[in-house]
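Trainee: Once you've had a glance at the structure underneath, I'll fire off some questions.
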Amino acid sequence: MLSVEVFQDTPVPLAARFDCKPGELVALVGPSGSGKSTLLRCIAGLMHPSRGRISCGERTWLDTASGLRLAPQQRRVGLVFQHYALFPHLSALHNVALASARPDADAHAADLLARLGLDGLFTRRPSELSGGQQQRVALARALAREPDVLLLDEPFSAVDQPARHDLYRELAELHRTVALPIVLVTHDLHEARRLADRMVIIDAGCTLQQGTPAQVLSQPRNARVAELVGIQNHFEGVFRQGSVSGWGRLHWGADGGPELQVKDKRRIEEGAAVTWVVPAEYISVHRRAPSGPNVQRARLSEALPLGDIALCRFELVDVRAAVQLHQTTAQLQRGELVVGEEVFLQLDPAGVHIMPRRALPPPG
Amino acid sequence: MDWGAARVSLWLAGLTALTLLPASLWMSRWLATSTSRSRPVIEAALLLPLLLPPTVIGFYLLTSLSGASAIGAWLAKHFGLHLVFTFEGLLFASWLINLPFMVQPLQRAFAAIPRSVREAAWVSGLSTWRTFWRIELPLAWPGVLAGAALTFAHTLGEFGVVLMVGGNIAGQTRTMSIAIYDRVQAFDNAAAQQMSLVLVGLSLAALALVFALGRRNPLQER
């Protein structure tokens, strides 16, 4: 298992702690400049944090307490760089063979390249390969080292969209077949959601939350995580404990605002000001008032067509707030939803997630 | 045509290019990758020979290396080395004045190698030394050849420093550029013309080589 604990104040602040089991794919997700790549560089030994411990299986690679700092050559790490960093003067085969420590390095490299679908391209230099092919060579080079951990630094960012989908499939296949801890750095949530077993949300060098993509996306720990994972519908409110055990009341906006029925996990104090989120899949739109809890009147104020779907903005009637939802363009065309018309939104209590209120950092 | 001078010139130019290379490789790689605060000072010192008049450099070398100076006396006593009016002295002076011509192209070549390529080599298990031989030197190779060619051509054409430090001893320190000066002084324009043409041809060939190599840089094939 790869286990990482790194801390430093300068030049890039870091306060990160996570692990990755063999056969597990962990995605480090965060905005640009959040320290994701710096973390990867720490694992690879390309930079040393001021304090921390990094171990992989039985071996400790870094332990600042005892002064242990292994060089990159002493760690068995396979790293795919963001722009691949292939050796431009060497053929695909030699790029890979150079990383192999086996006596039959060329045969080993040829085998890896063939497995990644690069048969017939062995003698080509990186400049003679497409972006997707270069990415495969970089992956083959990382695997040629027979690493204890595979690190992928935004590996899909330099590949065009059609090639990217093929590469997603191939990475998923690789993930199934190799029993290595795999750490993927990405700023793309869809990518992380699609590929990762677990997500680690990073902001300003700190690990804010980790869990399965479903957990993190439906139950962000705080408002910052909600913002980072792109939950558009996050609101303010005041929490009140309910009379029925396990259930509480949430006043939308402020005390006295529209009341919603929510689950009480006994983590929020009575009367606390909260931030709350509700993922889009827990909100349904109705033309007639449905039965059940948490029904709010809203007016469809805007519908922005985005191909097959349209981004719709619903302004609540009883509170100053707006909910953004994707609806199909067909629904709008069939007149099931009309801009300006009043509808009913129903919020499933199971999807309403409440967090202690924390000031969001200023935009930008 | 003064064949003795031609031999001294070619020998001096070739030897300067060859012997200056190892130290220049080390220095230029350090300059290309270092973040040391002393780097700008060292870079400026290395460029100084480009700006100073050759006679100034020649004068300082002459006075500091002559048998009457402390350094000159020490070299003569401990190594039997006399650097004034000898071929060895010419070679030493050539090293100093050619440093910018050798180091500059090399430094640019090393600096053009992306940091991630070096790091990819380390992560692939290559030692720093092996990374230098297998990755950095092949990628900097056009810069190595350019530096050597420029040094070779510049040594062939050097006049002031050579005259001050080496004097004008036939077969030992008289180079082609000094021989041309000699021939003009003696109103032998035909011989001066012949040797000038040879120098023009050699310099042109060296520069053509530099530009040809610049186009074959693997780092630019992207």
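We label chains A, B, ... in the order they appear in the structure tokens, count residues from 1 in each chain, and number ligands from 1 in the order shown.
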Got a sec to tell me which of range 142-264 of chain A DSSP assigns to helix (DSSP H, G or I), as JSON, numbers by chain?
Mentor: {"A": [142, 143, 144, 161, 162, 163, 164, 165, 166, 167, 168, 169, 170, 171, 172, 173, 174, 175, 176, 177, 189, 190, 191, 192, 193, 194, 195, 213, 214, 215, 216, 217, 218, 223, 224, 225, 226, 227, 228]}
Trainee: Can I get the selection written as a CSV table (one decimal), in the first residue's frame, with C-alpha atoms?
Mentor:
chain,number,residue,atom,x,y,z
A,142,ALA,CA,6.4,3.9,-16.7
A,143,LEU,CA,5.5,0.2,-16.6
A,144,ALA,CA,8.9,-1.0,-18.0
A,161,GLN,CA,-11.5,14.1,-27.2
A,162,PRO,CA,-12.0,10.9,-29.4
A,163,ALA,CA,-8.5,9.6,-28.4
A,164,ARG,CA,-9.3,10.4,-24.8
A,165,HIS,CA,-12.2,8.0,-24.6
A,166,ASP,CA,-10.1,5.1,-26.0
A,167,LEU,CA,-7.4,5.9,-23.5
A,168,TYR,CA,-10.0,6.0,-20.6
A,169,ARG,CA,-11.0,2.5,-21.7
A,170,GLU,CA,-7.4,1.3,-21.8
A,171,LEU,CA,-6.6,2.8,-18.4
A,172,ALA,CA,-9.7,1.1,-16.9
A,173,GLU,CA,-8.5,-2.2,-18.5
A,174,LEU,CA,-5.0,-1.7,-17.1
A,175,HIS,CA,-6.5,-0.9,-13.7
A,176,ARG,CA,-8.3,-4.3,-13.8
A,177,THR,CA,-5.2,-6.2,-14.8
A,189,LEU,CA,-14.2,15.7,-12.2
A,190,HIS,CA,-15.9,13.6,-14.9
A,191,GLU,CA,-12.6,11.8,-15.5
A,192,ALA,CA,-12.1,11.2,-11.8
A,193,ARG,CA,-15.7,10.0,-11.4
A,194,ARG,CA,-15.4,7.7,-14.4
A,195,LEU,CA,-12.0,6.1,-13.5
A,213,PRO,CA,-16.7,9.5,-6.0
A,214,ALA,CA,-20.4,8.9,-5.1
A,215,GLN,CA,-19.7,9.8,-1.4
A,216,VAL,CA,-17.7,12.9,-2.1
A,217,LEU,CA,-20.2,14.2,-4.7
A,218,SER,CA,-23.3,13.6,-2.7
A,223,ALA,CA,-18.9,24.4,1.2
A,224,ARG,CA,-15.5,24.5,-0.4
A,225,VAL,CA,-15.6,20.9,-1.3
A,226,ALA,CA,-19.1,21.4,-2.7
A,227,GLU,CA,-17.8,24.2,-4.8
A,228,LEU,CA,-14.7,22.2,-6.0
Trainee: List as a VMD selection string the protein and nucleic acid residues near Leu61 in chain B, meaning an atom at most 12 Å away when only C-alpha atoms are counted, but skip any in the same chain fewer than 3 places from it.
Mentor: chain B and resid 54 to 58 64 to 67 69 71 to 72 83 to 85 89 to 90 92 to 94 96 to 97 160 to 166
Trainee: Going by DSSP on the backbone, which bits of range 27-145 of chain A are strand (DSSP E or B)? Write them as a list in words, please.
Mentor: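 Strand (DSSP E or B) assignments inside range 27-145 of chain A correspond to Ala27, Leu28, Val29, Arg51, Gly52, Arg53, Ile54, Ser55, Cys56, Arg59, Thr60, Trp61, Leu62, Asp63, Leu68, Arg69, Val77, Gly78, Leu79 and Val80 of chain A.
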Trainee: Could those selected residues go to a file with N, CA and C atoms, as a short mmCIF file (atom, residue, chain, number, x, y, z; two decimals), in the first residue's frame?
Mentor:
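What follows is the written file out-v1.cif:
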data_model
loop_
_atom_site.label_atom_id
_atom_site.label_comp_id
_atom_site.auth_asym_id
_atom_site.auth_seq_id
_atom_site.Cartn_x
_atom_site.Cartn_y
_atom_site.Cartn_z
N ALA A 27 -7.88 9.17 -7.37
CA ALA A 27 -7.73 10.40 -8.15
C ALA A 27 -7.51 11.57 -7.20
N LEU A 28 -6.44 12.33 -7.44
CA LEU A 28 -6.23 13.57 -6.70
C LEU A 28 -6.89 14.67 -7.53
N VAL A 29 -7.93 15.27 -6.98
CA VAL A 29 -8.72 16.23 -7.75
C VAL A 29 -8.64 17.60 -7.09
N ARG A 51 8.39 18.20 5.89
CA ARG A 51 8.09 17.17 6.87
C ARG A 51 7.21 16.11 6.23
N GLY A 52 7.37 14.89 6.67
CA GLY A 52 6.45 13.88 6.16
C GLY A 52 7.04 12.50 6.09
N ARG A 53 6.19 11.59 5.63
CA ARG A 53 6.58 10.19 5.52
C ARG A 53 5.85 9.62 4.31
N ILE A 54 6.61 8.94 3.46
CA ILE A 54 5.99 8.27 2.31
C ILE A 54 6.53 6.84 2.29
N SER A 55 5.62 5.88 2.27
CA SER A 55 6.08 4.49 2.20
C SER A 55 5.25 3.75 1.19
N CYS A 56 5.86 2.70 0.65
CA CYS A 56 5.16 1.88 -0.34
C CYS A 56 5.46 0.43 0.01
N ARG A 59 8.69 -0.78 2.08
CA ARG A 59 9.79 0.18 1.97
C ARG A 59 9.35 1.60 2.30
N THR A 60 10.21 2.29 3.06
CA THR A 60 9.97 3.71 3.34
C THR A 60 10.82 4.52 2.37
N TRP A 61 10.16 5.42 1.66
CA TRP A 61 10.88 6.23 0.66
C TRP A 61 11.30 7.58 1.24
N LEU A 62 10.48 8.05 2.17
CA LEU A 62 10.78 9.35 2.77
C LEU A 62 10.36 9.30 4.23
N ASP A 63 11.27 9.74 5.10
CA ASP A 63 10.91 9.89 6.51
C ASP A 63 11.76 11.02 7.05
N LEU A 68 15.56 10.27 6.26
CA LEU A 68 15.59 9.38 5.09
C LEU A 68 14.91 10.06 3.89
N ARG A 69 15.67 10.20 2.80
CA ARG A 69 15.11 10.80 1.58
C ARG A 69 15.67 10.03 0.40
N VAL A 77 9.01 3.80 -9.02
CA VAL A 77 7.84 4.60 -9.37
C VAL A 77 7.71 4.65 -10.89
N GLY A 78 6.52 4.42 -11.39
CA GLY A 78 6.26 4.66 -12.81
C GLY A 78 5.48 5.95 -12.90
N LEU A 79 6.05 6.94 -13.57
CA LEU A 79 5.39 8.25 -13.63
C LEU A 79 5.12 8.63 -15.08
N VAL A 80 3.86 8.91 -15.39
CA VAL A 80 3.51 9.44 -16.71
C VAL A 80 3.34 10.95 -16.55
#
Trainee: Give me, as a tab-separated table, the closest atom pair and its distance (Å, one decimal) for every residue of chain A within a cut-off of 12 Å of chain B, counting only C-alpha atoms, rows sorted by chain and rising number.
Mentor:
residue	atom	partner	partner_atom	distance
A:Leu40	CA	B:Val123	CA	11.9
A:Arg41	CA	B:Glu119	CA	9.8
A:Cys42	CA	B:Val123	CA	11.9
A:Ile43	CA	B:Val123	CA	10.7
A:Ala44	CA	B:Val123	CA	6.9
A:Gly45	CA	B:Val123	CA	8.2
A:Leu46	CA	B:Glu119	CA	7.1
A:Met47	CA	B:Glu119	CA	10.5
A:Leu70	CA	B:Val123	CA	11.7
A:Ala71	CA	B:Trp122	CA	8.5
A:Pro72	CA	B:Val123	CA	5.2
A:Gln73	CA	B:Gly125	CA	4.3
A:Gln74	CA	B:Gly125	CA	7.4
A:Arg75	CA	B:Val123	CA	8.0
A:Arg76	CA	B:Gly125	CA	8.1
A:Val77	CA	B:Val123	CA	6.6
A:Gly78	CA	B:Val123	CA	7.1
A:Leu79	CA	B:Val123	CA	7.0
A:Val80	CA	B:Ala120	CA	8.4
A:Phe81	CA	B:Ser116	CA	7.6
A:Gln82	CA	B:Ser116	CA	9.3
A:His83	CA	B:Ser116	CA	8.6
A:Tyr84	CA	B:Ser116	CA	8.4
A:Ala85	CA	B:Val117	CA	4.8
A:Leu86	CA	B:Val117	CA	6.5
A:Phe87	CA	B:Val117	CA	6.4
A:Pro88	CA	B:Pro218	CA	6.1
A:His89	CA	B:Pro218	CA	5.6
A:Leu90	CA	B:Ile135	CA	8.9
A:Ser91	CA	B:Pro218	CA	11.6
A:His94	CA	B:Arg134	CA	10.8
A:Asn95	CA	B:Ala121	CA	9.6
A:Val96	CA	B:Ser124	CA	9.0
A:Ala97	CA	B:Ser124	CA	9.9
A:Leu98	CA	B:Ser124	CA	7.5
A:Ala99	CA	B:Ser124	CA	4.7
A:Ser100	CA	B:Ser124	CA	7.9
A:Ala101	CA	B:Gly125	CA	8.3
A:Arg125	CA	B:Glu221	CA	9.4
A:Pro126	CA	B:Arg222	CA	8.0
A:Ser127	CA	B:Arg222	CA	5.1
A:Glu128	CA	B:Arg222	CA	8.4
A:Leu129	CA	B:Arg222	CA	9.8
A:Ser130	CA	B:Arg222	CA	10.6
A:Gly131	CA	B:Arg222	CA	10.9
A:Gln134	CA	B:Arg222	CA	11.6
A:Ala138	CA	B:Ala120	CA	9.6
A:Leu139	CA	B:Ser124	CA	11.5
A:Ala140	CA	B:Ser124	CA	11.1
A:Arg141	CA	B:Ser124	CA	7.5
A:Ala142	CA	B:Ser124	CA	7.1
A:Leu143	CA	B:Ser124	CA	9.5
A:Ala144	CA	B:Ser124	CA	8.3
A:Arg145	CA	B:Ser124	CA	6.3
A:Glu146	CA	B:Ser124	CA	9.9
A:Pro147	CA	B:Ser124	CA	9.5
A:Val149	CA	B:Val123	CA	11.8
A:Leu150	CA	B:Val123	CA	11.3
A:Leu151	CA	B:Val123	CA	10.8
A:Asp153	CA	B:Ser116	CA	11.8
Trainee: For Asp318 in chain A, find every residue with an atom within 8 Å (counting only C-alpha atoms), except residues of its own chain fewer than 6 positions away, and show them as a list in words.
Mentor: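 Surrounding residues, per the criterion: Gly257, Pro258, Gln296 and Arg297 of chain A.
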Trainee: Atoms to include: N, CA and C atoms. Write the selected residues as a PDB file, in the first residue's frame.
Mentor:
ATOM      1  N   GLY A 257     -37.567  30.859   6.924  1.00  0.00           N
ATOM      2  CA  GLY A 257     -37.661  30.588   5.485  1.00  0.00           C
ATOM      3  C   GLY A 257     -38.417  29.296   5.258  1.00  0.00           C
ATOM      4  N   PRO A 258     -38.706  28.939   3.989  1.00  0.00           N
ATOM      5  CA  PRO A 258     -39.439  27.702   3.703  1.00  0.00           C
ATOM      6  C   PRO A 258     -38.781  26.506   4.395  1.00  0.00           C
ATOM      7  N   GLN A 296     -41.514  22.808  -3.422  1.00  0.00           N
ATOM      8  CA  GLN A 296     -41.361  24.266  -3.460  1.00  0.00           C
ATOM      9  C   GLN A 296     -41.829  24.792  -4.811  1.00  0.00           C
ATOM     10  N   ARG A 297     -42.499  25.936  -4.758  1.00  0.00           N
ATOM     11  CA  ARG A 297     -42.924  26.559  -6.012  1.00  0.00           C
ATOM     12  C   ARG A 297     -41.742  27.311  -6.611  1.00  0.00           C
TER      13      ARG A 297
END
Trainee: Give me the residues near Val144 in chain B as a ChimeraX atom specification, where near means some atom within 12 Å (using only C-alpha atoms) and where sequence neighbours in that chain fewer than 3 positions away do not count.
Mentor: /B:17-18,20-22,24-26,28-29,101-110,136-141,147-151,209-210,213-214,217
Trainee: Those residues with C-alpha atoms, as an mmCIF file, in the first residue's frame please?
Mentor:
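Okay, selection_38.cif is ready:
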data_model
loop_
_atom_site.group_PDB
_atom_site.id
_atom_site.type_symbol
_atom_site.label_atom_id
_atom_site.label_comp_id
_atom_site.auth_asym_id
_atom_site.auth_seq_id
_atom_site.Cartn_x
_atom_site.Cartn_y
_atom_site.Cartn_z
ATOM 1 C CA ALA B 17 38.377 23.205 -29.251
ATOM 2 C CA LEU B 18 39.105 19.688 -28.024
ATOM 3 C CA LEU B 20 38.243 23.240 -23.732
ATOM 4 C CA LEU B 21 35.249 20.954 -24.269
ATOM 5 C CA PRO B 22 35.182 18.860 -21.043
ATOM 6 C CA SER B 24 32.883 23.785 -20.839
ATOM 7 C CA LEU B 25 30.415 20.878 -20.757
ATOM 8 C CA TRP B 26 30.526 20.827 -16.976
ATOM 9 C CA SER B 28 27.552 25.119 -19.223
ATOM 10 C CA ARG B 29 25.400 22.359 -17.750
ATOM 11 C CA PHE B 101 32.295 30.926 -27.769
ATOM 12 C CA MET B 102 32.258 27.406 -26.348
ATOM 13 C CA VAL B 103 30.077 27.876 -23.263
ATOM 14 C CA GLN B 104 27.297 29.997 -24.778
ATOM 15 C CA PRO B 105 26.040 27.501 -27.414
ATOM 16 C CA LEU B 106 26.427 24.653 -24.928
ATOM 17 C CA GLN B 107 24.536 26.492 -22.209
ATOM 18 C CA ARG B 108 21.700 27.278 -24.625
ATOM 19 C CA ALA B 109 21.602 23.627 -25.725
ATOM 20 C CA PHE B 110 21.395 22.337 -22.138
ATOM 21 C CA GLU B 136 21.391 15.245 -22.089
ATOM 22 C CA LEU B 137 24.554 14.965 -24.185
ATOM 23 C CA PRO B 138 22.794 13.510 -27.276
ATOM 24 C CA LEU B 139 20.153 16.247 -27.022
ATOM 25 C CA ALA B 140 22.810 18.950 -26.558
ATOM 26 C CA TRP B 141 24.982 17.496 -29.328
ATOM 27 C CA GLY B 147 30.596 25.463 -29.685
ATOM 28 C CA ALA B 148 33.544 23.471 -31.029
ATOM 29 C CA ALA B 149 33.151 24.930 -34.537
ATOM 30 C CA LEU B 150 32.898 28.507 -33.258
ATOM 31 C CA THR B 151 35.926 28.016 -30.992
ATOM 32 C CA LEU B 209 28.312 23.681 -39.952
ATOM 33 C CA VAL B 210 26.871 25.562 -36.969
ATOM 34 C CA LEU B 213 23.426 21.508 -37.036
ATOM 35 C CA GLY B 214 21.014 24.052 -35.591
ATOM 36 C CA ASN B 217 18.010 19.621 -33.353
#
